[in-house]
>>> print(open('structure-v7.txt').read())   # compact mmCIF, C-alpha atoms
# COMPACT_ATOMS: atom_id res chain seq x y z
CA LEU M 1 32.48 -2.93 5.17
CA LEU M 2 35.33 -0.61 6.27
CA TYR M 3 34.14 1.98 3.78
CA THR M 4 30.57 1.76 5.14
CA ILE M 5 31.72 2.14 8.74
CA LYS M 6 33.99 5.07 7.84
CA PHE M 7 31.17 6.70 5.83
CA GLU M 8 28.70 6.37 8.72
CA ASP M 9 31.23 7.84 11.15
CA GLN M 10 31.85 10.84 8.90
CA MET M 11 28.25 11.31 7.76
CA PRO M 12 26.01 10.57 10.77
CA LEU M 13 23.11 12.57 9.30
CA ALA M 14 23.18 10.62 6.04
CA SER M 15 23.33 7.37 8.00
CA SER M 16 20.30 8.38 10.10
CA ILE M 17 18.31 9.39 7.04
CA ARG M 18 19.10 6.06 5.42
CA LYS M 19 17.86 4.21 8.52
CA TYR M 20 14.58 6.13 8.62
CA LEU M 21 14.04 5.60 4.89
CA TYR M 22 14.59 1.89 5.41
CA ALA M 23 12.02 1.84 8.21
CA ALA M 24 9.60 3.87 6.06
CA ARG M 25 9.32 0.91 3.61
CA VAL M 26 9.75 3.07 0.55
CA PHE M 27 9.07 0.00 -1.62
CA SER M 28 5.41 0.16 -0.51
CA LEU M 29 4.82 3.77 -1.61
CA PRO M 30 3.63 2.82 -5.13
CA CYS M 31 0.50 1.50 -3.37
CA SER M 32 -0.31 5.17 -2.69
CA ILE M 33 1.23 6.66 -5.83
CA PHE M 34 -0.89 4.68 -8.32
CA PRO M 35 -4.30 5.64 -6.79
CA ILE M 36 -3.05 9.24 -6.56
CA ILE M 37 -2.39 9.17 -10.31
CA VAL M 38 -5.75 7.53 -11.06
CA GLY M 39 -7.64 10.08 -8.95
CA PHE M 40 -5.80 12.92 -10.68
CA LEU M 41 -6.33 11.54 -14.20
CA ILE M 42 -10.06 11.02 -13.72
CA SER M 43 -10.47 14.45 -12.15
CA GLU M 44 -8.63 16.10 -15.01
CA LYS M 45 -10.59 14.26 -17.70
CA VAL M 46 -14.05 14.43 -16.09
CA GLN M 47 -13.80 18.05 -14.93
CA ARG M 48 -12.17 19.11 -18.22
CA SER M 49 -9.81 21.41 -16.36
CA SER M 50 -6.11 21.55 -15.65
CA HIS M 51 -4.91 21.75 -12.06
CA GLU M 52 -2.02 23.52 -10.47
CA VAL M 53 0.84 21.08 -10.08
CA ILE M 54 1.64 22.70 -6.75
CA ILE M 55 -1.79 21.71 -5.35
CA LEU M 56 -1.35 18.11 -6.42
CA PHE M 57 2.15 18.15 -4.89
CA PHE M 58 0.92 19.17 -1.44
CA ILE M 59 -2.19 16.96 -1.46
CA GLY M 60 -0.27 13.96 -2.82
CA SER M 61 2.57 14.50 -0.36
CA SER M 62 0.10 14.46 2.53
CA VAL M 63 -1.08 11.03 1.35
CA LEU M 64 2.47 9.68 1.15
CA LEU M 65 3.31 11.05 4.59
CA VAL M 66 0.25 9.37 6.15
CA HIS M 67 1.34 6.15 4.40
CA VAL M 68 4.87 6.41 5.85
CA ALA M 69 3.48 7.22 9.30
CA SER M 70 1.26 4.14 9.10
CA ASN M 71 4.30 2.02 8.19
CA TYR M 72 6.17 3.36 11.23
CA PHE M 73 3.19 2.60 13.49
CA ASN M 74 2.92 -0.88 11.99
CA THR M 75 6.62 -1.58 12.63
CA TYR M 76 6.36 -0.26 16.18
CA TYR M 77 3.24 -2.18 17.21
CA ASP M 78 4.22 -5.44 15.49
CA PHE M 79 7.48 -5.37 17.43
CA LYS M 80 5.89 -4.25 20.70
CA ASN M 81 3.27 -7.02 20.45
CA LYS M 82 6.03 -9.57 19.73
CA ILE M 83 4.70 -10.39 16.27
CA ASP M 84 7.91 -9.61 14.38
CA ASP M 85 11.05 -11.69 14.61
CA GLU M 86 14.03 -12.19 12.30
CA GLU M 87 12.21 -14.80 10.19
CA HIS M 88 8.74 -13.26 10.10
CA CYS M 89 8.67 -9.56 9.34
CA ILE M 90 8.50 -7.21 6.38
CA ASP M 91 10.53 -4.58 8.20
CA ASP M 92 13.30 -5.69 10.60
CA THR M 93 14.21 -2.17 11.74
CA LEU M 94 13.41 -2.87 15.39
CA VAL M 95 14.18 -6.58 15.29
CA LYS M 96 17.78 -5.82 14.28
CA LYS M 97 17.88 -2.65 16.39
CA VAL M 98 18.55 -0.40 13.40
CA LEU M 99 16.48 2.21 15.26
CA HIS M 100 15.11 2.37 18.79
CA GLU M 101 11.39 1.89 19.48
CA ASN M 102 10.90 5.50 20.55
CA GLU M 103 12.63 6.76 17.42
CA VAL M 104 10.21 4.87 15.17
CA TYR M 105 7.19 5.92 17.27
CA ASN M 106 8.23 9.59 17.25
CA ALA M 107 8.93 9.44 13.50
CA ALA M 108 5.33 8.32 12.95
CA PHE M 109 3.94 11.38 14.74
CA ILE M 110 6.36 13.71 12.94
CA CYS M 111 5.11 12.32 9.61
CA LEU M 112 1.50 12.83 10.69
CA ALA M 113 2.26 16.42 11.69
CA LEU M 114 3.91 17.04 8.31
CA ALA M 115 0.99 15.35 6.53
CA MET M 116 -1.49 17.68 8.26
CA THR M 117 0.67 20.67 7.35
CA PHE M 118 0.86 19.67 3.68
CA PHE M 119 -2.87 18.92 3.63
CA GLY M 120 -3.61 22.32 5.17
CA ILE M 121 -1.48 24.10 2.56
CA GLY M 122 -3.10 22.07 -0.22
CA VAL M 123 -6.70 22.84 0.74
CA THR M 124 -5.76 26.50 1.29
CA LEU M 125 -4.43 26.67 -2.26
CA VAL M 126 -7.65 25.05 -3.51
CA GLY M 127 -9.40 28.12 -2.10
CA ASN M 128 -12.60 26.60 -0.70
CA ALA M 129 -13.41 24.54 2.37
CA TYR M 130 -15.04 21.22 1.45
CA VAL M 131 -16.08 18.62 4.02
CA LEU M 132 -15.35 15.42 2.10
CA PRO M 133 -11.55 15.81 1.85
CA TYR M 134 -11.34 16.39 5.61
CA ILE M 135 -13.45 13.30 6.37
CA ILE M 136 -11.33 11.11 4.11
CA PHE M 137 -8.01 12.52 5.32
CA PHE M 138 -8.67 12.03 9.03
CA GLY M 139 -10.39 8.71 8.33
CA ALA M 140 -7.18 7.54 6.65
CA ILE M 141 -5.19 8.56 9.72
CA PHE M 142 -7.61 6.54 11.88
CA PHE M 143 -6.99 3.45 9.74
CA GLY M 144 -3.23 4.01 9.79
CA VAL M 145 -3.00 4.27 13.57
CA ASN M 146 -5.47 1.48 14.33
CA TYR M 147 -4.17 -0.98 11.76
CA THR M 148 -1.90 -2.63 14.34
CA GLY M 149 -2.36 -0.21 17.24
CA GLY M 150 -5.55 0.77 19.05
CA TYR M 151 -8.32 -1.40 17.60
CA GLN M 152 -5.69 -3.68 15.99
CA LEU M 153 -7.67 -4.17 12.79
CA LYS M 154 -4.92 -6.26 11.19
CA TYR M 155 -4.92 -8.72 14.10
CA ASN M 156 -8.66 -9.35 13.74
CA CYS M 157 -9.05 -10.50 10.13
CA LEU M 158 -9.59 -6.96 8.83
CA GLY M 159 -6.15 -6.27 7.36
CA GLU M 160 -7.04 -7.01 3.74
CA LEU M 161 -10.28 -5.02 3.94
CA VAL M 162 -8.51 -1.97 5.38
CA ILE M 163 -5.80 -2.12 2.71
CA PHE M 164 -8.37 -2.52 -0.07
CA ILE M 165 -10.31 0.54 1.09
CA ALA M 166 -7.25 2.67 1.87
CA PHE M 167 -5.15 1.98 -1.23
CA GLY M 168 -8.07 2.01 -3.61
CA PRO M 169 -11.22 4.11 -3.06
CA ILE M 170 -9.96 6.30 -0.18
CA ILE M 171 -6.82 7.73 -1.81
CA ALA M 172 -8.28 8.06 -5.32
CA THR M 173 -11.48 9.69 -4.03
CA PHE M 174 -9.46 12.00 -1.76
CA ILE M 175 -7.35 13.27 -4.67
CA TYR M 176 -10.40 13.57 -6.93
CA SER M 177 -12.37 15.43 -4.26
CA CYS M 178 -9.58 17.91 -3.52
CA LEU M 179 -9.20 18.72 -7.21
CA SER M 180 -12.92 18.70 -8.05
CA ASN M 181 -14.58 21.18 -5.71
CA GLY M 182 -15.13 18.66 -2.92
CA SER M 183 -17.27 16.35 -5.04
CA SER M 184 -17.13 12.57 -5.31
CA SER M 185 -17.58 10.32 -8.32
CA LEU M 186 -18.85 6.80 -8.84
CA LEU M 187 -16.36 6.50 -11.69
CA VAL M 188 -13.36 7.14 -9.45
CA LEU M 189 -14.69 4.68 -6.87
CA VAL M 190 -15.09 1.92 -9.44
CA ALA M 191 -11.82 2.71 -11.21
CA SER M 192 -9.83 2.60 -7.97
CA CYS M 193 -11.15 -0.79 -6.82
CA PRO M 194 -8.76 -2.90 -8.95
CA LEU M 195 -5.80 -1.08 -7.38
CA GLY M 196 -7.24 -1.72 -3.91
CA LEU M 197 -7.70 -5.42 -4.71
CA ALA M 198 -4.13 -5.69 -5.99
CA ALA M 199 -2.83 -4.03 -2.81
CA ALA M 200 -4.98 -6.33 -0.66
CA ALA M 201 -3.39 -9.30 -2.43
CA LEU M 202 -0.01 -8.03 -1.20
CA VAL M 203 -1.09 -8.09 2.44
CA TYR M 204 -2.82 -11.41 1.96
CA ALA M 205 0.36 -12.91 0.45
CA ASN M 206 2.29 -11.79 3.52
CA ASN M 207 -0.35 -13.33 5.78
CA VAL M 208 -0.23 -16.62 3.86
CA ARG M 209 3.54 -16.75 4.27
CA ASP M 210 3.32 -16.02 8.02
CA SER M 211 0.07 -17.90 8.73
CA GLY M 212 1.61 -20.42 11.14
CA HIS M 213 3.64 -17.82 13.00
CA ASP M 214 0.70 -15.42 13.26
CA LEU M 215 -1.48 -18.16 14.71
CA LYS M 216 1.08 -18.87 17.43
CA CYS M 217 1.21 -15.15 18.26
CA GLY M 218 -2.57 -14.91 18.59
CA VAL M 219 -3.00 -12.88 15.40
CA ARG M 220 -6.16 -13.80 13.52
CA THR M 221 -5.90 -13.37 9.75
CA ILE M 222 -8.12 -14.71 7.01
CA ALA M 223 -5.25 -16.94 5.84
CA ASN M 224 -4.77 -18.74 9.16
CA GLN M 225 -8.48 -18.96 9.92
CA ILE M 226 -9.53 -20.77 6.74
CA GLY M 227 -6.57 -23.16 6.51
CA LEU M 228 -3.66 -23.17 4.08
CA ASN M 229 -5.32 -25.05 1.23
CA ASN M 230 -8.30 -22.69 1.22
CA ALA M 231 -5.93 -19.75 1.73
CA LEU M 232 -4.12 -20.60 -1.50
CA LYS M 233 -7.40 -20.87 -3.36
CA MET M 234 -8.40 -17.45 -2.10
CA TYR M 235 -4.96 -16.14 -3.07
CA SER M 236 -5.59 -17.17 -6.66
CA VAL M 237 -8.95 -15.37 -6.57
CA LEU M 238 -7.32 -12.17 -5.27
CA LEU M 239 -4.69 -12.32 -8.01
CA ILE M 240 -7.22 -12.66 -10.82
CA LEU M 241 -10.06 -10.50 -9.43
CA PRO M 242 -8.59 -7.11 -10.47
CA TYR M 243 -8.37 -8.38 -14.06
CA VAL M 244 -11.98 -9.56 -13.92
CA GLN M 245 -13.10 -6.12 -12.78
CA VAL M 246 -11.39 -4.36 -15.67
CA ALA M 247 -12.98 -6.69 -18.22
CA GLY M 248 -15.49 -3.92 -18.88
CA PHE M 249 -12.65 -1.73 -20.10
CA PHE M 250 -11.74 -4.44 -22.60
CA MET M 251 -15.23 -4.33 -24.06
CA LEU M 252 -15.34 -0.53 -24.20
CA TYR M 253 -11.76 -0.04 -25.34
CA PRO M 254 -10.57 -3.31 -26.96
CA MET M 255 -7.53 -1.61 -28.53
CA TYR M 256 -5.96 -1.28 -25.06
CA SER M 257 -6.65 -4.81 -23.82
CA PRO M 258 -3.13 -6.12 -24.67
CA LEU M 259 -1.79 -3.91 -21.85
CA LEU M 260 -3.65 -5.94 -19.24
CA LEU M 261 -3.34 -9.23 -21.07
CA LEU M 262 0.45 -8.93 -20.89
CA SER M 263 0.49 -8.43 -17.13
CA ILE M 264 -2.02 -11.23 -16.44
CA LEU M 265 0.76 -13.73 -17.15
CA THR M 266 2.33 -12.81 -13.79
CA PRO M 267 -0.51 -13.88 -11.43
CA VAL M 268 -1.19 -17.01 -13.48
CA THR M 269 2.46 -18.03 -13.19
CA LEU M 270 2.49 -17.16 -9.49
CA TYR M 271 -0.51 -19.29 -8.68
CA PHE M 272 0.57 -22.39 -10.54
CA ALA M 273 4.06 -22.15 -9.05
CA ILE M 274 2.78 -21.93 -5.47
CA ALA M 275 -0.60 -23.63 -5.25
CA PRO M 276 0.23 -27.35 -5.69
CA HIS M 277 0.87 -29.01 -2.35
CA TYR M 278 1.71 -26.25 0.10
CA GLN M 279 3.91 -28.53 2.18
CA GLN M 280 6.14 -29.18 -0.86
CA ALA M 281 6.33 -25.55 -1.95
CA THR M 282 8.13 -24.01 1.02
CA ASN M 283 10.56 -22.01 -1.09
CA SER M 284 7.75 -20.56 -3.21
CA ILE M 285 5.71 -19.64 -0.13
CA ASN M 286 8.70 -17.92 1.47
CA THR M 287 9.00 -15.60 -1.52
CA ILE M 288 5.27 -15.19 -2.14
CA PHE M 289 5.25 -11.57 -0.91
CA GLU M 290 8.11 -10.50 -3.19
CA LYS M 291 6.50 -12.18 -6.21
CA THR M 292 3.13 -10.63 -5.46
CA LEU M 293 4.81 -7.22 -5.17
CA ILE M 294 6.12 -7.66 -8.73
CA ASN M 295 2.57 -8.56 -9.81
CA TYR M 296 1.25 -5.38 -8.16
CA HIS M 297 3.74 -3.16 -9.97
CA LEU M 298 3.04 -4.77 -13.34
CA PHE M 299 -0.72 -4.66 -12.99
CA SER M 300 -0.86 -1.12 -11.60
CA SER M 301 1.47 0.27 -14.27
CA PHE M 302 -0.52 -1.20 -17.15
CA TYR M 303 -3.83 -0.30 -15.48
CA THR M 304 -2.83 3.34 -14.98
CA ILE M 305 -1.91 3.57 -18.66
CA LEU M 306 -5.29 2.06 -19.51
CA ILE M 307 -7.06 4.67 -17.39
CA TYR M 308 -5.11 7.46 -19.07
CA TYR M 309 -6.16 6.38 -22.56
CA SER M 310 -9.69 5.18 -21.88
CA VAL M 311 -11.42 7.58 -19.48
CA GLU M 312 -13.26 10.35 -21.31
>>> encode(input="structure-v7.txt", output="structure tokens")
Amino acid sequence: LLYTIKFEDQMPLASSIRKYLYAARVFSLPCSIFPIIVGFLISEKVQRSSHEVIILFFIGSSVLLVHVASNYFNTYYDFKNKIDDEEHCIDDTLVKKVLHENEVYNAAFICLALAMTFFGIGVTLVGNAYVLPYIIFFGAIFFGVNYTGGYQLKYNCLGELVIFIAFGPIIATFIYSCLSNGSSSLLVLVASCPLGLAAAALVYANNVRDSGHDLKCGVRTIANQIGLNNALKMYSVLLILPYVQVAGFFMLYPMYSPLLLLSILTPVTLYFAIAPHYQQATNSINTIFEKTLINYHLFSSFYTILIYYSVE
């Protein structure tokens, strides 16, 4: 403790950076990184061309910066609307006064400004002006700002839908479009859906855990609107659905099916550990988000490998 205090006194800049990184929820960035990789892989294989790494760097960085900005906005509005407290929050930056409200709010706009800059450099390097990347990019910003601010999509049963679209089709199609002359592809849309479903399961798990608290705060989520028993049933569906969708890959490329079969053990274990008698599974419910995050990482890692080997 003395070392930490002394370090923070001597290195105020490092301390501030650490606080902003904490508020940025770096642990959630794989939700953007995996669809970026999938969009890139499909573009490279379908277009039969290699891309400048520098272009992917700027375009991909713009996605990550919009993601971080959205996290900052989410932290700010959840705290401002009195949704977050010490027991019910993913990010306790404002609850524990790690940063001030204005600092988090300003950080969100700085990230958006940087994201626009990186996006501008990226499309300039591409060399042509295409409409689709611009529509997707600014559409993503709209979702990020209005997730808990503005239209408050998360507070009106739309959180899972927004996350599914954003961390599946939107990011993968954006990367594909930027690297493929502004075009879109049904393949990239379909291939990105399992990642979107897995990300939606993350948000849904958080909503299941906080269903009672959210209801008291006036937040309407699918989990607290359908009741806990039905919520757990739907949770099991969300866990398994990405695997159902990739069943087609098993039939086309059976030699790679063990990759997904290995990771399917995680959601099966999760469901049977949590589902029986919600009232008697308090400890499991309290850690449902963390366990679902592990499931996301396992599934997405194996799935990305599957995409790399299977898409021709």
>>> atom_distance(input="structure-v7.txt", atom1="atom CA of M:Pro12", atom2="atom CA of M:Ala113")
24.5 Å
>>> residues_around(input="structure-v7.txt", residues="M:Phe27", least_positions_apart="6", cutoff="12 Å", atoms="only C-alpha atoms", output="PyMOL selection string")
chain M and resi 21+33+67-68+71+90-91+290+293-294+296-297
>>> write_last_selection(input="structure-v7.txt", atoms="C-alpha atoms", output="compact mmCIF listing (two decimals), keeping the file's coordinate frame")
# COMPACT_ATOMS: atom_id res chain seq x y z
CA LEU M 21 14.04 5.60 4.89
CA ILE M 33 1.23 6.66 -5.83
CA HIS M 67 1.34 6.15 4.40
CA VAL M 68 4.87 6.41 5.85
CA ASN M 71 4.30 2.02 8.19
CA ILE M 90 8.50 -7.21 6.38
CA ASP M 91 10.53 -4.58 8.20
CA GLU M 290 8.11 -10.50 -3.19
CA LEU M 293 4.81 -7.22 -5.17
CA ILE M 294 6.12 -7.66 -8.73
CA TYR M 296 1.25 -5.38 -8.16
CA HIS M 297 3.74 -3.16 -9.97
>>> atom_distance(input="structure-v7.txt", atom1="atom CA of M:Cys157", atom2="atom CA of M:Val145")
16.3 Å
>>> closest_residue(input="structure-v7.txt", among="M:Asn295, M:Thr221, M:Asn286, M:Ser43", to="M:Leu153", atoms="all atoms listed in the file")
M:Thr221
>>> closest_residue(input="structure-v7.txt", among="M:Ala172, M:Leu125, M:Val237, M:Ile163", to="M:Phe137", atoms="all atoms listed in the file")
M:Ala172
>>> atom_distance(input="structure-v7.txt", atom1="atom CA of M:Val53", atom2="atom CA of M:Val126")
11.4 Å
>>> decode(input="structure-v7.txt", residues="stretch 111-122 of chain M", atoms="N, CA and C atoms", output="PDB file, in the first residue's frame")
ATOM      1  N   CYS M 111     -12.065  10.308 -27.142  1.00  0.00           N
ATOM      2  CA  CYS M 111     -11.961   9.039 -27.870  1.00  0.00           C
ATOM      3  C   CYS M 111     -12.706   9.086 -29.195  1.00  0.00           C
ATOM      4  N   LEU M 112     -13.874   9.731 -29.202  1.00  0.00           N
ATOM      5  CA  LEU M 112     -14.619   9.862 -30.456  1.00  0.00           C
ATOM      6  C   LEU M 112     -13.851  10.712 -31.460  1.00  0.00           C
ATOM      7  N   ALA M 113     -13.241  11.797 -30.971  1.00  0.00           N
ATOM      8  CA  ALA M 113     -12.456  12.662 -31.863  1.00  0.00           C
ATOM      9  C   ALA M 113     -11.271  11.890 -32.443  1.00  0.00           C
ATOM     10  N   LEU M 114     -10.604  11.100 -31.605  1.00  0.00           N
ATOM     11  CA  LEU M 114      -9.486  10.281 -32.085  1.00  0.00           C
ATOM     12  C   LEU M 114      -9.969   9.213 -33.066  1.00  0.00           C
ATOM     13  N   ALA M 115     -11.135   8.631 -32.774  1.00  0.00           N
ATOM     14  CA  ALA M 115     -11.697   7.607 -33.660  1.00  0.00           C
ATOM     15  C   ALA M 115     -11.972   8.187 -35.050  1.00  0.00           C
ATOM     16  N   MET M 116     -12.543   9.393 -35.098  1.00  0.00           N
ATOM     17  CA  MET M 116     -12.811  10.043 -36.381  1.00  0.00           C
ATOM     18  C   MET M 116     -11.517  10.353 -37.122  1.00  0.00           C
ATOM     19  N   THR M 117     -10.497  10.750 -36.359  1.00  0.00           N
ATOM     20  CA  THR M 117      -9.199  11.036 -36.977  1.00  0.00           C
ATOM     21  C   THR M 117      -8.597   9.780 -37.590  1.00  0.00           C
ATOM     22  N   PHE M 118      -8.604   8.687 -36.832  1.00  0.00           N
ATOM     23  CA  PHE M 118      -8.050   7.429 -37.324  1.00  0.00           C
ATOM     24  C   PHE M 118      -8.858   6.914 -38.515  1.00  0.00           C
ATOM     25  N   PHE M 119     -10.168   7.057 -38.433  1.00  0.00           N
ATOM     26  CA  PHE M 119     -11.027   6.631 -39.543  1.00  0.00           C
ATOM     27  C   PHE M 119     -10.720   7.450 -40.792  1.00  0.00           C
ATOM     28  N   GLY M 120     -10.560   8.768 -40.617  1.00  0.00           N
ATOM     29  CA  GLY M 120     -10.240   9.640 -41.745  1.00  0.00           C
ATOM     30  C   GLY M 120      -8.920   9.270 -42.396  1.00  0.00           C
ATOM     31  N   ILE M 121      -7.907   8.978 -41.577  1.00  0.00           N
ATOM     32  CA  ILE M 121      -6.605   8.562 -42.115  1.00  0.00           C
ATOM     33  C   ILE M 121      -6.744   7.227 -42.846  1.00  0.00           C
ATOM     34  N   GLY M 122      -7.496   6.312 -42.253  1.00  0.00           N
ATOM     35  CA  GLY M 122      -7.679   4.993 -42.852  1.00  0.00           C
ATOM     36  C   GLY M 122      -8.323   5.056 -44.219  1.00  0.00           C
TER      37      GLY M 122
END
